[in-house]
file data.cif (mmCIF, C-alpha atoms (C1' of nucleotides))
data_final
#
loop_
_atom_site.group_PDB
_atom_site.id
_atom_site.type_symbol
_atom_site.label_atom_id
_atom_site.label_comp_id
_atom_site.auth_asym_id
_atom_site.auth_seq_id
_atom_site.Cartn_x
_atom_site.Cartn_y
_atom_site.Cartn_z
ATOM 1 C CA MET I 1 7.519 -3.027 -17.176
ATOM 2 C CA PRO I 2 7.617 0.260 -15.446
ATOM 3 C CA GLU I 3 9.793 3.168 -14.662
ATOM 4 C CA GLY I 4 9.006 5.332 -11.665
ATOM 5 C CA HIS I 5 6.177 7.290 -13.239
ATOM 6 C CA VAL I 6 4.138 4.093 -13.693
ATOM 7 C CA VAL I 7 4.653 3.013 -10.093
ATOM 8 C CA HIS I 8 3.480 6.427 -8.846
ATOM 9 C CA ARG I 9 0.366 6.126 -10.984
ATOM 10 C CA GLN I 10 -0.298 2.675 -9.612
ATOM 11 C CA ALA I 11 0.030 3.934 -6.048
ATOM 12 C CA ARG I 12 -2.579 6.592 -6.817
ATOM 13 C CA GLU I 13 -4.910 4.111 -8.447
ATOM 14 C CA LEU I 14 -4.668 1.714 -5.521
ATOM 15 C CA ASN I 15 -5.450 4.548 -3.123
ATOM 16 C CA LYS I 16 -8.395 5.630 -5.226
ATOM 17 C CA LEU I 17 -9.848 2.145 -5.227
ATOM 18 C CA PHE I 18 -9.021 0.885 -1.761
ATOM 19 C CA THR I 19 -8.015 3.495 0.827
ATOM 20 C CA ASP I 20 -9.989 2.956 4.039
ATOM 21 C CA ARG I 21 -11.826 0.017 2.536
ATOM 22 C CA ILE I 22 -11.967 -3.484 3.964
ATOM 23 C CA VAL I 23 -10.431 -5.572 1.204
ATOM 24 C CA GLU I 24 -10.216 -9.166 0.100
ATOM 25 C CA VAL I 25 -6.571 -10.144 -0.290
ATOM 26 C CA SER I 26 -5.579 -13.367 -1.988
ATOM 27 C CA SER I 27 -2.834 -15.009 -3.993
ATOM 28 C CA PRO I 28 -4.452 -17.199 -6.663
ATOM 29 C CA GLN I 29 -1.029 -18.331 -7.793
ATOM 30 C CA GLY I 30 -0.175 -19.308 -4.219
ATOM 31 C CA ARG I 31 3.237 -17.816 -3.666
ATOM 32 C CA PHE I 32 1.957 -14.977 -1.508
ATOM 33 C CA ALA I 33 -0.927 -16.973 -0.024
ATOM 34 C CA LYS I 34 0.247 -17.056 3.582
ATOM 35 C CA SER I 35 0.731 -13.291 3.805
ATOM 36 C CA ALA I 36 -2.446 -12.667 1.850
ATOM 37 C CA SER I 37 -4.464 -14.645 4.377
ATOM 38 C CA VAL I 38 -3.072 -12.460 7.171
ATOM 39 C CA LEU I 39 -4.269 -9.324 5.387
ATOM 40 C CA ASN I 40 -7.561 -10.640 4.058
ATOM 41 C CA GLU I 41 -10.615 -8.767 5.378
ATOM 42 C CA THR I 42 -8.500 -6.002 6.876
ATOM 43 C CA LYS I 43 -8.489 -2.316 6.054
ATOM 44 C CA PHE I 44 -6.269 -1.034 3.254
ATOM 45 C CA ALA I 45 -4.698 2.132 4.611
ATOM 46 C CA LYS I 46 -2.464 3.666 1.971
ATOM 47 C CA SER I 47 -0.059 2.899 -0.838
ATOM 48 C CA ARG I 48 3.014 4.989 -1.563
ATOM 49 C CA ALA I 49 5.640 4.963 -4.302
ATOM 50 C CA TYR I 50 9.315 5.747 -3.808
ATOM 51 C CA GLY I 51 11.243 5.417 -7.035
ATOM 52 C CA LYS I 52 10.196 2.037 -8.418
ATOM 53 C CA HIS I 53 9.231 0.677 -5.006
ATOM 54 C CA LEU I 54 5.629 0.431 -3.877
ATOM 55 C CA PHE I 55 4.605 0.130 -0.229
ATOM 56 C CA ILE I 56 1.051 -0.715 0.804
ATOM 57 C CA ASN I 57 0.087 -0.075 4.434
ATOM 58 C CA PHE I 58 -2.684 -1.982 6.150
ATOM 59 C CA GLU I 59 -4.581 -1.001 9.251
ATOM 60 C CA HIS I 60 -2.551 -2.925 11.817
ATOM 61 C CA GLY I 61 0.812 -1.715 10.544
ATOM 62 C CA GLU I 62 1.530 -4.506 8.105
ATOM 63 C CA VAL I 63 3.186 -3.413 4.877
ATOM 64 C CA ILE I 64 3.413 -5.115 1.506
ATOM 65 C CA HIS I 65 6.544 -4.221 -0.416
ATOM 66 C CA ILE I 66 6.305 -4.589 -4.174
ATOM 67 C CA HIS I 67 8.907 -4.174 -6.867
ATOM 68 C CA LEU I 68 7.779 -4.976 -10.397
ATOM 69 C CA GLY I 69 11.180 -5.689 -11.892
ATOM 70 C CA LEU I 70 11.198 -6.172 -15.646
ATOM 71 C CA TYR I 71 7.942 -8.047 -16.037
ATOM 72 C CA GLY I 72 5.705 -7.122 -13.166
ATOM 73 C CA LYS I 73 2.310 -5.724 -14.022
ATOM 74 C CA TRP I 74 -0.833 -4.459 -12.297
ATOM 75 C CA THR I 75 -4.256 -4.884 -13.824
ATOM 76 C CA PHE I 76 -7.175 -2.843 -12.489
ATOM 77 C CA LEU I 77 -10.769 -4.009 -13.045
ATOM 78 C CA ASN I 78 -14.238 -2.996 -11.921
ATOM 79 C CA HIS I 79 -15.160 -6.580 -11.152
ATOM 80 C CA THR I 80 -13.392 -9.686 -9.866
ATOM 81 C CA PRO I 81 -13.020 -12.258 -12.643
ATOM 82 C CA GLU I 82 -11.932 -15.877 -12.434
ATOM 83 C CA PRO I 83 -8.123 -15.841 -12.251
ATOM 84 C CA VAL I 84 -6.342 -15.920 -15.613
ATOM 85 C CA GLY I 85 -2.606 -16.526 -15.693
ATOM 86 C CA LEU I 86 -0.359 -16.378 -12.660
ATOM 87 C CA ILE I 87 -1.714 -13.815 -10.218
ATOM 88 C CA ARG I 88 0.633 -13.295 -7.306
ATOM 89 C CA LEU I 89 -1.535 -10.844 -5.435
ATOM 90 C CA GLN I 90 -5.146 -9.834 -5.780
ATOM 91 C CA ILE I 91 -6.808 -7.067 -3.789
ATOM 92 C CA SER I 92 -10.508 -6.535 -4.226
ATOM 93 C CA THR I 93 -13.765 -5.036 -3.001
ATOM 94 C CA PRO I 94 -17.162 -5.744 -4.532
ATOM 95 C CA GLU I 95 -16.583 -2.790 -6.872
ATOM 96 C CA SER I 96 -12.890 -3.084 -7.744
ATOM 97 C CA CYS I 97 -10.114 -5.563 -8.292
ATOM 98 C CA ALA I 98 -6.352 -5.125 -8.615
ATOM 99 C CA GLN I 99 -4.246 -8.025 -9.856
ATOM 100 C CA LEU I 100 -0.480 -8.250 -9.674
ATOM 101 C CA ARG I 101 1.482 -10.536 -11.986
ATOM 102 C CA GLY I 102 5.186 -11.262 -12.283
ATOM 103 C CA PRO I 103 6.654 -8.910 -9.681
ATOM 104 C CA ASN I 104 10.295 -9.152 -8.768
ATOM 105 C CA ALA I 105 9.286 -8.676 -5.138
ATOM 106 C CA CYS I 106 6.020 -8.987 -3.258
ATOM 107 C CA THR I 107 6.558 -9.542 0.433
ATOM 108 C CA LEU I 108 5.052 -8.707 3.768
ATOM 109 C CA ILE I 109 7.505 -6.589 5.716
ATOM 110 C CA SER I 110 7.702 -4.839 9.064
ATOM 111 C CA PRO I 111 7.855 -1.074 9.628
ATOM 112 C CA ALA I 112 11.525 -1.517 10.522
ATOM 113 C CA GLU I 113 12.183 -3.162 7.176
ATOM 114 C CA VAL I 114 10.362 -0.351 5.427
ATOM 115 C CA LYS I 115 12.761 2.066 7.059
ATOM 116 C CA THR I 116 15.790 0.074 5.926
ATOM 117 C CA MET I 117 14.514 -0.074 2.373
ATOM 118 C CA ARG I 118 13.570 3.579 2.252
ATOM 119 C CA ALA I 119 17.085 4.487 3.348
ATOM 120 C CA LYS I 120 18.483 2.774 0.265
ATOM 121 C CA ILE I 121 16.237 4.636 -2.150
ATOM 122 C CA GLY I 122 17.762 7.809 -3.500
ATOM 123 C CA PRO I 123 16.088 11.095 -4.408
ATOM 124 C CA ASP I 124 13.030 10.656 -6.623
ATOM 125 C CA PRO I 125 12.402 13.384 -9.225
ATOM 126 C CA ILE I 126 8.666 12.715 -9.020
ATOM 127 C CA ARG I 127 8.667 13.371 -5.280
ATOM 128 C CA ARG I 128 10.686 16.555 -5.825
ATOM 129 C CA ASP I 129 13.360 15.222 -3.492
ATOM 130 C CA ASP I 130 16.528 17.191 -2.858
ATOM 131 C CA PRO I 131 19.242 15.886 -5.218
ATOM 132 C CA SER I 132 22.187 17.522 -3.347
ATOM 133 C CA ALA I 133 23.719 14.304 -2.086
ATOM 134 C CA ALA I 134 23.312 12.639 -5.476
ATOM 135 C CA ARG I 135 24.854 15.641 -7.217
ATOM 136 C CA GLU I 136 27.897 15.449 -4.990
ATOM 137 C CA LYS I 137 28.361 11.731 -5.655
ATOM 138 C CA VAL I 138 27.858 12.036 -9.401
ATOM 139 C CA LEU I 139 30.277 14.940 -9.770
ATOM 140 C CA ALA I 140 32.963 12.947 -7.941
ATOM 141 C CA SER I 141 32.419 9.646 -9.746
ATOM 142 C CA SER I 142 34.560 8.021 -12.417
ATOM 143 C CA THR I 143 31.620 5.829 -13.436
ATOM 144 C CA PRO I 144 29.932 6.639 -16.770
ATOM 145 C CA ILE I 145 26.916 8.906 -16.367
ATOM 146 C CA GLY I 146 24.893 6.339 -18.327
ATOM 147 C CA VAL I 147 25.482 3.865 -15.500
ATOM 148 C CA LEU I 148 24.967 6.413 -12.731
ATOM 149 C CA LEU I 149 21.541 7.359 -14.078
ATOM 150 C CA MET I 150 20.372 3.777 -13.560
ATOM 151 C CA ASP I 151 21.629 3.762 -9.958
ATOM 152 C CA GLN I 152 18.496 3.889 -7.814
ATOM 153 C CA THR I 153 20.408 5.330 -4.870
ATOM 154 C CA LEU I 154 21.131 8.392 -7.034
ATOM 155 C CA PHE I 155 18.114 8.693 -9.358
ATOM 156 C CA ALA I 156 15.157 6.780 -7.908
ATOM 157 C CA GLY I 157 12.601 5.814 -10.515
ATOM 158 C CA VAL I 158 14.771 6.496 -13.553
ATOM 159 C CA GLY I 159 14.947 3.514 -15.899
ATOM 160 C CA ASN I 160 16.346 2.727 -19.301
ATOM 161 C CA ILE I 161 14.025 5.027 -21.256
ATOM 162 C CA TYR I 162 14.385 8.110 -19.073
ATOM 163 C CA ARG I 163 18.130 7.520 -18.946
ATOM 164 C CA ALA I 164 18.477 7.484 -22.723
ATOM 165 C CA GLU I 165 16.145 10.415 -23.264
ATOM 166 C CA ALA I 166 17.516 12.667 -20.519
ATOM 167 C CA LEU I 167 21.059 12.195 -21.838
ATOM 168 C CA PHE I 168 19.934 12.944 -25.377
ATOM 169 C CA ARG I 169 18.056 16.078 -24.366
ATOM 170 C CA ALA I 170 21.113 17.275 -22.458
ATOM 171 C CA GLY I 171 23.452 16.434 -25.370
ATOM 172 C CA ILE I 172 25.590 14.316 -23.074
ATOM 173 C CA ASN I 173 27.461 11.204 -24.173
ATOM 174 C CA PRO I 174 26.529 8.262 -21.920
ATOM 175 C CA GLN I 175 30.175 7.211 -21.588
ATOM 176 C CA ILE I 176 31.263 10.467 -19.976
ATOM 177 C CA GLN I 177 32.309 10.044 -16.361
ATOM 178 C CA GLY I 178 30.187 11.647 -13.682
ATOM 179 C CA LYS I 179 33.069 13.849 -12.629
ATOM 180 C CA GLU I 180 33.362 15.253 -16.151
ATOM 181 C CA LEU I 181 29.934 16.849 -15.786
ATOM 182 C CA THR I 182 29.545 20.356 -14.502
ATOM 183 C CA SER I 183 27.293 21.131 -11.593
ATOM 184 C CA LYS I 184 25.138 23.095 -14.007
ATOM 185 C CA GLN I 185 24.801 20.115 -16.354
ATOM 186 C CA PHE I 186 23.739 17.942 -13.443
ATOM 187 C CA ASP I 187 21.106 20.448 -12.364
ATOM 188 C CA LEU I 188 19.770 20.867 -15.893
ATOM 189 C CA MET I 189 19.476 17.124 -16.271
ATOM 190 C CA TRP I 190 17.858 16.662 -12.854
ATOM 191 C CA ASN I 191 15.344 19.420 -13.523
ATOM 192 C CA ASP I 192 14.649 17.927 -16.927
ATOM 193 C CA LEU I 193 13.917 14.561 -15.286
ATOM 194 C CA VAL I 194 11.564 16.285 -12.852
ATOM 195 C CA GLU I 195 9.655 17.751 -15.794
ATOM 196 C CA LEU I 196 9.703 14.646 -17.987
ATOM 197 C CA MET I 197 8.647 12.308 -15.199
ATOM 198 C CA LYS I 198 5.897 14.664 -14.076
ATOM 199 C CA ILE I 199 4.514 14.490 -17.608
ATOM 200 C CA GLY I 200 4.984 10.718 -17.474
ATOM 201 C CA VAL I 201 2.847 10.448 -14.332
ATOM 202 C CA ARG I 202 0.143 12.632 -15.869
ATOM 203 C CA ARG I 203 -0.032 10.791 -19.196
ATOM 204 C CA GLY I 204 0.993 7.282 -18.200
ATOM 205 C CA ARG I 205 3.577 7.169 -20.974
ATOM 206 C CA ILE I 206 7.011 8.545 -21.675
ATOM 207 C CA ASP I 207 7.042 11.517 -24.047
ATOM 208 C CA THR I 208 10.290 13.382 -24.437
ATOM 209 C CA VAL I 209 10.214 14.960 -27.898
ATOM 210 C CA ARG I 210 10.146 18.754 -27.827
ATOM 211 C CA PRO I 211 7.353 20.443 -29.807
ATOM 212 C CA GLU I 212 9.758 21.739 -32.459
ATOM 213 C CA HIS I 213 10.844 18.180 -33.303
ATOM 214 C CA MET I 214 7.403 16.609 -33.318
ATOM 215 C CA PRO I 215 6.962 16.919 -37.105
ATOM 216 C CA GLN I 216 10.029 14.692 -37.618
ATOM 217 C CA ALA I 217 8.867 12.313 -34.916
ATOM 218 C CA MET I 218 5.433 11.953 -36.495
ATOM 219 C CA LYS I 219 6.967 11.013 -39.849
ATOM 220 C CA ARG I 220 8.388 7.769 -38.482
ATOM 221 C CA ALA I 221 6.869 4.401 -39.273
ATOM 222 C CA PRO I 222 3.754 3.820 -37.153
ATOM 223 C CA ARG I 223 5.072 0.565 -35.725
ATOM 224 C CA GLU I 224 8.404 2.058 -34.783
ATOM 225 C CA ASP I 225 7.851 2.134 -31.042
ATOM 226 C CA ARG I 226 5.761 -0.074 -28.870
ATOM 227 C CA HIS I 227 6.255 1.610 -25.553
ATOM 228 C CA GLY I 228 3.587 4.158 -26.306
ATOM 229 C CA GLY I 229 5.362 7.491 -26.162
ATOM 230 C CA GLU I 230 7.279 9.791 -28.467
ATOM 231 C CA VAL I 231 11.013 9.558 -27.839
ATOM 232 C CA TYR I 232 14.275 10.640 -29.460
ATOM 233 C CA VAL I 233 16.502 7.598 -29.126
ATOM 234 C CA TYR I 234 15.040 4.733 -27.082
ATOM 235 C CA ARG I 235 14.733 1.664 -29.361
ATOM 236 C CA ARG I 236 15.338 3.777 -32.473
ATOM 237 C CA THR I 237 18.550 1.972 -33.442
ATOM 238 C CA GLY I 238 19.603 2.720 -37.025
ATOM 239 C CA LEU I 239 16.835 5.266 -37.547
ATOM 240 C CA PRO I 240 17.572 8.923 -38.262
ATOM 241 C CA CYS I 241 17.981 11.331 -35.370
ATOM 242 C CA PHE I 242 15.128 13.874 -35.361
ATOM 243 C CA ILE I 243 17.668 16.696 -35.057
ATOM 244 C CA CYS I 244 20.728 15.761 -37.152
ATOM 245 C CA SER I 245 19.577 12.694 -39.151
ATOM 246 C CA SER I 246 22.522 10.570 -37.959
ATOM 247 C CA GLU I 247 21.683 6.953 -37.283
ATOM 248 C CA ILE I 248 20.793 6.311 -33.655
ATOM 249 C CA ALA I 249 23.346 3.967 -32.090
ATOM 250 C CA GLU I 250 22.824 1.054 -29.720
ATOM 251 C CA SER I 251 25.208 -0.772 -27.447
ATOM 252 C CA ASP I 252 25.280 -2.717 -24.224
ATOM 253 C CA MET I 253 26.093 -0.842 -21.044
ATOM 254 C CA ARG I 254 26.469 -3.143 -18.048
ATOM 255 C CA GLY I 255 23.884 -5.552 -19.369
ATOM 256 C CA ARG I 256 21.268 -3.008 -20.425
ATOM 257 C CA ASN I 257 20.502 -1.658 -23.875
ATOM 258 C CA LEU I 258 21.796 1.831 -24.392
ATOM 259 C CA PHE I 259 20.644 4.165 -27.161
ATOM 260 C CA TRP I 260 22.153 7.496 -28.181
ATOM 261 C CA CYS I 261 22.893 9.814 -31.094
ATOM 262 C CA PRO I 262 26.625 9.768 -31.920
ATOM 263 C CA THR I 263 26.428 13.282 -33.349
ATOM 264 C CA CYS I 264 24.197 15.132 -30.882
ATOM 265 C CA GLN I 265 25.843 13.437 -27.896
ATOM 266 C CA LYS I 266 29.539 13.831 -28.617
ATOM 267 C "C1'" DG Q 1 5.064 -24.660 -30.017
ATOM 268 C "C1'" DG Q 2 9.595 -22.600 -29.371
ATOM 269 C "C1'" DG Q 3 12.865 -18.918 -29.005
ATOM 270 C "C1'" DG Q 4 13.857 -14.254 -28.130
ATOM 271 C "C1'" DT Q 5 12.879 -10.067 -25.824
ATOM 272 C "C1'" DA Q 6 11.555 -6.579 -22.191
ATOM 273 C "C1'" DT Q 7 10.989 0.020 -19.171
ATOM 274 C "C1'" DG Q 8 14.962 -4.341 -13.088
ATOM 275 C "C1'" DA Q 9 17.952 -5.553 -9.522
ATOM 276 C "C1'" DA Q 10 20.033 -8.977 -6.158
ATOM 277 C "C1'" DG Q 11 23.452 -12.225 -5.304
ATOM 278 C "C1'" DA Q 12 27.269 -15.185 -6.563
ATOM 279 C "C1'" DC Q 13 31.781 -15.191 -8.158
ATOM 280 C "C1'" DT K 1 30.671 -9.581 -14.875
ATOM 281 C "C1'" DC K 2 27.660 -13.271 -14.903
ATOM 282 C "C1'" DT K 3 23.475 -15.723 -13.409
ATOM 283 C "C1'" DT K 4 19.095 -15.876 -11.692
ATOM 284 C "C1'" DC K 5 14.343 -14.668 -10.852
ATOM 285 C "C1'" DC K 6 9.629 -13.363 -12.376
ATOM 286 C "C1'" DT K 7 5.635 -13.375 -16.755
ATOM 287 C "C1'" DA K 8 3.587 -12.156 -21.151
ATOM 288 C "C1'" DC K 9 3.911 -11.234 -25.734
ATOM 289 C "C1'" DC K 10 5.794 -11.225 -30.340
ATOM 290 C "C1'" DC K 11 7.657 -13.476 -34.241
ATOM 291 C "C1'" DC K 12 8.572 -17.426 -36.682
ATOM 292 C "C1'" DA K 13 7.884 -22.110 -38.053
#
call {"tool": "encode", "arguments": {"input": "data.cif", "output": "structure tokens"}}
result
Amino acid sequence: MPEGHVVHRQARELNKLFTDRIVEVSSPQGRFAKSASVLNETKFAKSRAYGKHLFINFEHGEVIHIHLGLYGKWTFLNHTPEPVGLIRLQISTPESCAQLRGPNACTLISPAEVKTMRAKIGPDPIRRDDPSAAREKVLASSTPIGVLLMDQTLFAGVGNIYRAEALFRAGINPQIQGKELTSKQFDLMWNDLVELMKIGVRRGRIDTVRPEHMPQAMKRAPREDRHGGEVYVYRRTGLPCFICSSEIAESDMRGRNLFWCPTCQK
DNA sequence: GGGGTATGAAGAC
DNA sequence: TCTTCCTACCCCA
């Protein structure tokens, strides 16, 4: 259940384990079996992450496109066990094994299709892409900024947690239209995402609480969050804001859970 | 054992 | 805006 930082980490891990290695490729669950058999015993070239999309290149130009969706998950092991659960894709060498479960997408695509997909992926804060085009679109949009932040053509790799946390840190109400933001606010938020997501890639978790608010954050109930990081608002509904003590609010925004502080994000 | 939930996004209306 | 897809895990009985 990843946002962009996780996918970038997975791309690195796959490269570490398999780049330039002849790999076994299989699909124990069967749904990717035909493509897997084409790639089996060929050389793994390189994996790359763009936003939440992962592309794996093989020696003869074949590419696997993977999108984890809500449930997708990679497991990395130093041995190849008997399959447990539904494994869509397994890549292995005698020393390493990567198992993919529950992806939204796992397909063999052509270089031309890679190009088409890449064109639809917007600037990625982790790749330090140029956000100029996204800035222009956001500042002209009558769509709420909370919706725009989830638009992968504008903010590739940003998901529900980074959305909520970036808006909180900027003191911006999620309902505000894109065009109500100033250029400066956009840049501050973009640069903040660059920083937050860089930390996310390094640590493998989402931490957004500034040092001065950590004492309040550490006082919370130990079971309060299960996503692993220290955050201001994500899944803290009804709990006191670390800055103003107001209750964190939750609502539905276009089918996704939205969290914010009604006081700090007027 | 069943129901609800989840860090996502495409496609049908 | 709604439905669908994909899987594991948690909570409750």
call {"tool": "residues_around", "arguments": {"input": "data.cif", "residues": "Q:DA12", "least_positions_apart": "4", "cutoff": "10 Å", "atoms": "only C-alpha atoms (C1' of nucleotides)", "output": "list in words"}}
result
DC2, DT3 and DT4 of chain K
call {"tool": "write_last_selection", "arguments": {"input": "data.cif", "atoms": "C-alpha atoms (C1' of nucleotides)", "output": "mmCIF file, keeping the file's coordinate frame"}}
result
data_model
loop_
_atom_site.group_PDB
_atom_site.id
_atom_site.type_symbol
_atom_site.label_atom_id
_atom_site.label_comp_id
_atom_site.auth_asym_id
_atom_site.auth_seq_id
_atom_site.Cartn_x
_atom_site.Cartn_y
_atom_site.Cartn_z
ATOM 1 C "C1'" DC K 2 27.660 -13.271 -14.903
ATOM 2 C "C1'" DT K 3 23.475 -15.723 -13.409
ATOM 3 C "C1'" DT K 4 19.095 -15.876 -11.692
#
call {"tool": "interface_residues", "arguments": {"input": "data.cif", "of": "chain K", "to": "chain I", "cutoff": "8 Å", "atoms": "all atoms listed in the file", "output": "NGL selection string"}}
result
:K and (5-8)
call {"tool": "atom_distance", "arguments": {"input": "data.cif", "atom1": "atom CA of I:Asp20", "atom2": "atom CA of I:His65"}}
result
18.6 Å
call {"tool": "atom_distance", "arguments": {"input": "data.cif", "atom1": "atom CA of I:Pro215", "atom2": "atom CA of I:Lys198"}}
result
23.2 Å
call {"tool": "residues_around", "arguments": {"input": "data.cif", "residues": "I:Pro94", "least_positions_apart": "5", "cutoff": "12 Å", "atoms": "only C-alpha atoms (C1' of nucleotides)", "output": "list in words"}}
result
Leu17, Phe18, Arg21, Ile22, Val23, Glu24, Leu77, Asn78, His79, Thr80 and Pro81 of chain I
call {"tool": "resolve_selection", "arguments": {"input": "data.cif", "expression": "the PyMOL selection byres ((chain I) within 7 of (chain Q))", "output": "list in words"}}
result
Met1, Pro2, Glu3, Gly69, Leu70, Gly159, Asn160 and Ile161 of chain I
call {"tool": "residues_around", "arguments": {"input": "data.cif", "residues": "I:Val147", "least_positions_apart": "3", "cutoff": "10 Å", "atoms": "only C-alpha atoms (C1' of nucleotides)", "output": "PyMOL selection string"}}
result
chain I and resi 143-144+150-151+160+163+174-178+253-254+256+258
call {"tool": "atom_distance", "arguments": {"input": "data.cif", "atom1": "atom CA of I:Ile109", "atom2": "atom CA of I:Leu54"}}
result
12.0 Å
call {"tool": "residues_around", "arguments": {"input": "data.cif", "residues": "I:Val25", "least_positions_apart": "4", "cutoff": "9 Å", "atoms": "only C-alpha atoms (C1' of nucleotides)", "output": "list in words"}}
result
Ala33, Ser35, Ala36, Ser37, Val38, Leu39, Asn40, Glu41, Thr42, Leu89, Gln90, Ile91 and Ser92 of chain I
call {"tool": "resolve_selection", "arguments": {"input": "data.cif", "expression": "the PyMOL selection byres ((chain I and resi 202) around 12)", "output": "number ranges by chain"}}
result
I: 5-6, 8-10, 12, 126, 195-201, 203-207
call {"tool": "resolve_selection", "arguments": {"input": "data.cif", "expression": "the PyMOL selection byres ((chain I and resi 209) around 7)", "output": "count of residues only"}}
result
9
call {"tool": "decode", "arguments": {"input": "data.cif", "residues": "stretch 110-116 of chain I", "atoms": "all heavy atoms", "output": "mmCIF file, in the first residue's frame"}}
result
data_model
loop_
_atom_site.group_PDB
_atom_site.id
_atom_site.type_symbol
_atom_site.label_atom_id
_atom_site.label_comp_id
_atom_site.auth_asym_id
_atom_site.auth_seq_id
_atom_site.Cartn_x
_atom_site.Cartn_y
_atom_site.Cartn_z
ATOM 1 N N SER I 110 5.433 -3.008 -24.371
ATOM 2 C CA SER I 110 6.469 -2.683 -25.354
ATOM 3 C C SER I 110 7.081 -1.328 -25.025
ATOM 4 O O SER I 110 6.487 -0.534 -24.297
ATOM 5 C CB SER I 110 5.842 -2.614 -26.748
ATOM 6 O OG SER I 110 4.969 -1.494 -26.804
ATOM 7 N N PRO I 111 8.268 -1.059 -25.576
ATOM 8 C CA PRO I 111 8.879 0.268 -25.366
ATOM 9 C C PRO I 111 7.951 1.406 -25.775
ATOM 10 O O PRO I 111 7.937 2.466 -25.131
ATOM 11 C CB PRO I 111 10.117 0.215 -26.263
ATOM 12 C CG PRO I 111 10.475 -1.240 -26.307
ATOM 13 C CD PRO I 111 9.165 -1.969 -26.285
ATOM 14 N N ALA I 112 7.155 1.182 -26.813
ATOM 15 C CA ALA I 112 6.215 2.233 -27.237
ATOM 16 C C ALA I 112 5.167 2.490 -26.165
ATOM 17 O O ALA I 112 4.787 3.633 -25.894
ATOM 18 C CB ALA I 112 5.538 1.828 -28.549
ATOM 19 N N GLU I 113 4.717 1.410 -25.529
ATOM 20 C CA GLU I 113 3.724 1.574 -24.463
ATOM 21 C C GLU I 113 4.330 2.254 -23.237
ATOM 22 O O GLU I 113 3.654 3.000 -22.529
ATOM 23 C CB GLU I 113 3.136 0.205 -24.085
ATOM 24 C CG GLU I 113 2.216 -0.363 -25.159
ATOM 25 C CD GLU I 113 1.817 -1.805 -24.891
ATOM 26 O OE1 GLU I 113 2.722 -2.671 -24.764
ATOM 27 O OE2 GLU I 113 0.615 -2.069 -24.805
ATOM 28 N N VAL I 114 5.602 1.979 -23.007
ATOM 29 C CA VAL I 114 6.282 2.654 -21.900
ATOM 30 C C VAL I 114 6.237 4.155 -22.136
ATOM 31 O O VAL I 114 5.921 4.944 -21.237
ATOM 32 C CB VAL I 114 7.760 2.214 -21.791
ATOM 33 C CG1 VAL I 114 8.482 3.046 -20.729
ATOM 34 C CG2 VAL I 114 7.858 0.738 -21.454
ATOM 35 N N LYS I 115 6.519 4.534 -23.365
ATOM 36 C CA LYS I 115 6.542 5.954 -23.717
ATOM 37 C C LYS I 115 5.178 6.607 -23.477
ATOM 38 O O LYS I 115 5.076 7.693 -22.899
ATOM 39 C CB LYS I 115 6.938 6.093 -25.194
ATOM 40 C CG LYS I 115 7.769 7.314 -25.485
ATOM 41 C CD LYS I 115 8.333 7.240 -26.890
ATOM 42 C CE LYS I 115 8.973 8.571 -27.264
ATOM 43 N NZ LYS I 115 9.480 8.552 -28.654
ATOM 44 N N THR I 116 4.131 5.925 -23.914
ATOM 45 C CA THR I 116 2.774 6.432 -23.721
ATOM 46 C C THR I 116 2.460 6.612 -22.240
ATOM 47 O O THR I 116 1.897 7.624 -21.828
ATOM 48 C CB THR I 116 1.745 5.448 -24.329
ATOM 49 O OG1 THR I 116 2.149 5.171 -25.663
ATOM 50 C CG2 THR I 116 0.358 6.040 -24.323
#
